[in-house]
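Asker: Structure below; questions to follow.
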Amino acid sequence: IAHGMWTMGAAATLVSDWAGDAGRVVEYGTRFTAMVVVPLDGAELEVSGVVKSLDEATKRATVELTATAAGQKVLGRCTAVVQLD
């Protein structure tokens, strides 16, 4: 079983890579919804994200993330706020 914090970190990496700098991620939060079972032959974690809103005044984007393993959602309410400029 993969540790939940590892799963959370994998999702955060997607956002920080997209932002170009981990320092641009000003908020990040999630809930653990399921375990990531890792058999001897390995496992695959699929992470994707969508910009849900842009705040023109603060130049911040709210990104909603989805993480699945073996077809099951493993993170819930996973969002990040990114400073764009």
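Please note that chains go A, B, ... in the order of the structure tokens, that every chain numbers its residues from 1, and that ligands are numbered from 1 in the order shown.
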Write out as a ChimeraX atom specification all residues of chain A that DSSP puts in helix (DSSP H, G or I) for this structure's backbone.

Answerer: /A:4-19,22-24

Asker: Export, as an mmCIF file, in the first residue's frame, the selected residues with C-alpha atoms.

Answerer:
data_model
loop_
_atom_site.group_PDB
_atom_site.id
_atom_site.type_symbol
_atom_site.label_atom_id
_atom_site.label_comp_id
_atom_site.auth_asym_id
_atom_site.auth_seq_id
_atom_site.Cartn_x
_atom_site.Cartn_y
_atom_site.Cartn_z
ATOM 1 C CA GLY A 4 -1.331 8.607 1.425
ATOM 2 C CA MET A 5 1.191 11.427 1.692
ATOM 3 C CA TRP A 6 3.046 9.982 -1.311
ATOM 4 C CA THR A 7 -0.195 10.023 -3.307
ATOM 5 C CA MET A 8 -0.860 13.599 -2.204
ATOM 6 C CA GLY A 9 2.678 14.581 -3.208
ATOM 7 C CA ALA A 10 2.312 13.003 -6.639
ATOM 8 C CA ALA A 11 -0.761 15.147 -7.294
ATOM 9 C CA ALA A 12 1.019 18.258 -5.982
ATOM 10 C CA THR A 13 3.915 17.589 -8.357
ATOM 11 C CA LEU A 14 1.556 17.811 -11.331
ATOM 12 C CA VAL A 15 0.456 21.289 -10.228
ATOM 13 C CA SER A 16 3.923 22.595 -9.367
ATOM 14 C CA ASP A 17 5.322 21.334 -12.681
ATOM 15 C CA TRP A 18 2.475 23.068 -14.528
ATOM 16 C CA ALA A 19 3.031 26.288 -12.545
ATOM 17 C CA ALA A 22 6.477 24.932 -6.462
ATOM 18 C CA GLY A 23 6.513 28.358 -4.772
ATOM 19 C CA ARG A 24 3.600 29.437 -6.976
#

Asker: Counting only C-alpha atoms, what is within 6 Å of region 61-68 of chain A, bar same-chain residues fewer than 5 positions away, as a ChimeraX atom specification?

Answerer: /A:45-54,73-75,78-82

Asker: Using only C-alpha atoms, which residues sit within 9 Å of Met35 (chain A) once same-chain residues fewer than 2 positions away are excluded, as a list in words?

Answerer: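 Residues near the query, excluding close chain neighbours: Ile1, Ala2, His3, Gly4, Phe32, Thr33, Val37, Ala69 and Val74 of chain A.
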
Asker: Give me every strand (DSSP E) residue in chain A, going by DSSP on the backbone, as an NGL selection string.

Answerer: :A and (25-32 or 45-55 or 60-69 or 72-73 or 75-83)

Asker: For those residues, write N, CA and C atoms to a file as a short mmCIF file (atom, residue, chain, number, x, y, z; two decimals), in the first residue's frame.

Answerer:
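In the end it all went to out-v2.cif:
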data_model
loop_
_atom_site.label_atom_id
_atom_site.label_comp_id
_atom_site.auth_asym_id
_atom_site.auth_seq_id
_atom_site.Cartn_x
_atom_site.Cartn_y
_atom_site.Cartn_z
N VAL A 25 2.48 27.57 -5.88
CA VAL A 25 1.32 26.88 -5.30
C VAL A 25 1.11 27.46 -3.90
N VAL A 26 0.08 28.31 -3.77
CA VAL A 26 -0.13 29.03 -2.51
C VAL A 26 -1.10 28.32 -1.58
N GLU A 27 -1.89 27.41 -2.10
CA GLU A 27 -2.80 26.59 -1.28
C GLU A 27 -2.90 25.22 -1.92
N TYR A 28 -3.04 24.20 -1.07
CA TYR A 28 -3.20 22.84 -1.58
C TYR A 28 -3.88 22.02 -0.50
N GLY A 29 -4.88 21.27 -0.89
CA GLY A 29 -5.56 20.42 0.08
C GLY A 29 -6.25 19.26 -0.60
N THR A 30 -6.42 18.19 0.16
CA THR A 30 -7.11 17.01 -0.36
C THR A 30 -7.61 16.16 0.80
N ARG A 31 -8.41 15.18 0.44
CA ARG A 31 -8.85 14.15 1.39
C ARG A 31 -8.48 12.80 0.78
N PHE A 32 -8.06 11.91 1.64
CA PHE A 32 -7.74 10.56 1.18
C PHE A 32 -9.02 9.75 1.15
N LEU A 45 -0.59 5.28 -10.92
CA LEU A 45 -1.41 6.35 -10.38
C LEU A 45 -1.61 7.36 -11.50
N GLU A 46 -2.86 7.64 -11.81
CA GLU A 46 -3.17 8.60 -12.87
C GLU A 46 -3.68 9.89 -12.23
N VAL A 47 -3.00 11.00 -12.53
CA VAL A 47 -3.37 12.30 -11.96
C VAL A 47 -3.64 13.26 -13.11
N SER A 48 -4.74 13.99 -13.00
CA SER A 48 -5.07 15.01 -14.00
C SER A 48 -5.62 16.23 -13.28
N GLY A 49 -5.60 17.35 -13.97
CA GLY A 49 -6.10 18.57 -13.37
C GLY A 49 -6.81 19.46 -14.37
N VAL A 50 -7.73 20.27 -13.85
CA VAL A 50 -8.51 21.20 -14.67
C VAL A 50 -8.56 22.54 -13.93
N VAL A 51 -8.31 23.62 -14.66
CA VAL A 51 -8.47 24.94 -14.06
C VAL A 51 -9.96 25.21 -13.93
N LYS A 52 -10.43 25.35 -12.70
CA LYS A 52 -11.86 25.56 -12.44
C LYS A 52 -12.22 27.03 -12.39
N SER A 53 -11.29 27.89 -11.98
CA SER A 53 -11.59 29.32 -11.94
C SER A 53 -10.31 30.13 -11.99
N LEU A 54 -10.47 31.36 -12.49
CA LEU A 54 -9.37 32.33 -12.53
C LEU A 54 -9.83 33.60 -11.84
N ASP A 55 -9.00 34.13 -10.97
CA ASP A 55 -9.29 35.40 -10.30
C ASP A 55 -8.39 36.44 -10.94
N ARG A 60 -4.78 34.52 -9.72
CA ARG A 60 -4.67 33.17 -9.17
C ARG A 60 -5.65 32.23 -9.88
N ALA A 61 -5.20 31.00 -10.06
CA ALA A 61 -6.03 29.96 -10.67
C ALA A 61 -6.33 28.90 -9.62
N THR A 62 -7.57 28.44 -9.59
CA THR A 62 -7.94 27.31 -8.75
C THR A 62 -7.98 26.08 -9.64
N VAL A 63 -7.19 25.08 -9.28
CA VAL A 63 -7.06 23.85 -10.07
C VAL A 63 -7.70 22.70 -9.29
N GLU A 64 -8.57 21.97 -9.96
CA GLU A 64 -9.18 20.78 -9.37
C GLU A 64 -8.45 19.56 -9.91
N LEU A 65 -7.98 18.71 -9.01
CA LEU A 65 -7.20 17.54 -9.40
C LEU A 65 -7.99 16.26 -9.17
N THR A 66 -7.70 15.27 -10.01
CA THR A 66 -8.28 13.95 -9.88
C THR A 66 -7.14 12.94 -9.87
N ALA A 67 -7.18 12.02 -8.92
CA ALA A 67 -6.17 10.96 -8.85
C ALA A 67 -6.88 9.62 -8.74
N THR A 68 -6.51 8.70 -9.63
CA THR A 68 -7.11 7.37 -9.62
C THR A 68 -6.02 6.30 -9.69
N ALA A 69 -6.34 5.16 -9.10
CA ALA A 69 -5.47 3.98 -9.17
C ALA A 69 -6.38 2.77 -9.35
N GLN A 72 -10.04 3.43 -9.46
CA GLN A 72 -10.72 3.94 -8.27
C GLN A 72 -10.15 5.30 -7.87
N LYS A 73 -11.05 6.23 -7.56
CA LYS A 73 -10.64 7.56 -7.11
C LYS A 73 -9.97 7.42 -5.74
N LEU A 75 -8.08 10.23 -4.23
CA LEU A 75 -8.06 11.53 -3.56
C LEU A 75 -9.39 12.22 -3.83
N GLY A 76 -9.91 12.89 -2.83
CA GLY A 76 -11.16 13.63 -2.98
C GLY A 76 -10.96 15.08 -2.59
N ARG A 77 -11.79 15.95 -3.12
CA ARG A 77 -11.70 17.39 -2.84
C ARG A 77 -10.27 17.90 -2.97
N CYS A 78 -9.62 17.48 -4.02
CA CYS A 78 -8.22 17.82 -4.23
C CYS A 78 -8.14 19.09 -5.06
N THR A 79 -7.73 20.18 -4.43
CA THR A 79 -7.64 21.47 -5.12
C THR A 79 -6.34 22.17 -4.77
N ALA A 80 -5.91 23.01 -5.69
CA ALA A 80 -4.72 23.83 -5.48
C ALA A 80 -5.02 25.23 -6.00
N VAL A 81 -4.43 26.21 -5.36
CA VAL A 81 -4.50 27.59 -5.83
C VAL A 81 -3.10 27.98 -6.26
N VAL A 82 -2.98 28.48 -7.50
CA VAL A 82 -1.68 28.79 -8.09
C VAL A 82 -1.61 30.28 -8.43
N GLN A 83 -0.52 30.91 -8.00
CA GLN A 83 -0.25 32.30 -8.35
C GLN A 83 0.31 32.32 -9.77
#
